[in-house]
Amino acid sequence: MTSRRNVLLSAFAGVAAPIWAHAEDPGIVKGRKGGPNMIKGDPPRLDFGGGLLIPMGRTTFTAAVWDGQDRWITYGRALAVNQMRAMAQAEQSAIAKMKFALLTLAFAPERLERFETCGWKLKSGNAADYIKGDIALPGRPVMPTVDRVNGQLGQNVEDAADGDSGFHAITGYMVMKADAPLSYVKQKAQLLSEAAPS
C-alpha cells in the first residue's frame, strides 16, 4: 500500500510535470511563460523569481507562508471521494492559511520565524498562535493538481470508508504584495476579539 507521504510526493511530481520543458542549464528546467522554473535537486525547488524558492515536498506545507519580493504563496491539500470536492477543499485550505499567515505577520510577527530562506512558520508549531480573523484578499489559485489515489481514504475523510479510493488535491494560493501589502492587511482585517494581540 502506498503511504500518504508517497502520495504527496507523487502529487508534487504531477504539479511540476506540466511546467517542464527543455533545459538551457542542466540544473534548471524552464517553466511555461509566466510560471515558475524548476531547479533540480533533492528536493527540487520551484523558482518564482524575486528570491521565492519553494521546495517540493513535505516542507512546502510546513510553511505558514512563502515570502518573495513581490508575492506571498501558501499551499493547501485535501483528500476526498469526489474530485471537485478535493480541489475545492484544497483551495479553501490554502486561502485560510494565507489569511492566518498574513494576519499574524501584520499583527504579531514575533510569533513567526524564518526558515528555508523564504518561508515563515509558527515558532511554537501550535496553530492556536495564529492571529484569527478575516480579510478579503485579492489573490488567486496557482498550479492546482489532483491525483486519483487507490485505497488511501479512511474514516477521517468525509463520506469515505476504509480502503476507498478517491482524489488527493494540492493547490497554491498567491497574493501579490502590490495588491495587499501588510498595511492593507492591518487596515482591512476584521480580527476576532480574542485573537487581538496583547
# chains A, B, ... in the order shown; residues from 1 in each chain; ligands from 1
>>> residues_around(residues="Arg85 in chain A", least_positions_apart="5", cutoff="12 Å", atoms="only C-alpha atoms", output="NGL selection string")
:A and (77-80 or 90-92 or 146 or 157-159 or 166-170)
>>> closest_residue(among="A:Met143, A:Leu192, A:Met176, A:Leu182", to="Gly50 in chain A", atoms="only C-alpha atoms")
A:Met176
>>> closest_residue(among="A:Leu52, A:Val175, A:Met84, A:Met38", to="Met98 in chain A", atoms="only C-alpha atoms")
A:Val175
>>> atom_distance(atom1="CA of Trp120 in chain A", atom2="CA of Asp147 in chain A")
27.7 Å
>>> residues_around(residues="range 128-140 of chain A", least_positions_apart="5", cutoff="9 Å", atoms="only C-alpha atoms", output="count of residues only")
34
>>> closest_residue(among="A:Val142, A:Met56, A:Leu46, A:Ile39", to="Met87 in chain A", atoms="only C-alpha atoms")
A:Val142
>>> closest_residue(among="A:Val149, A:Arg45, A:Arg114, A:Arg71", to="Gly57 in chain A", atoms="only C-alpha atoms")
A:Arg45
>>> select_by_dssp(residues="range 31-192 of chain A", states="strand (DSSP E or B)", output="number ranges by chain")
A: 37-39, 45-47, 53-55, 65-67, 71-80, 112-115, 119-122, 133-134, 139-153, 164-176, 190-191
>>> atom_distance(atom1="CA of Arg148 in chain A", atom2="CA of Pro43 in chain A")
23.1 Å
>>> atom_distance(atom1="CA of Thr171 in chain A", atom2="CA of Gly76 in chain A")
5.6 Å
>>> closest_residue(among="A:Ala106, A:Ser124, A:Gly51, A:Pro141", to="Gln187 in chain A", atoms="only C-alpha atoms")
A:Ala106
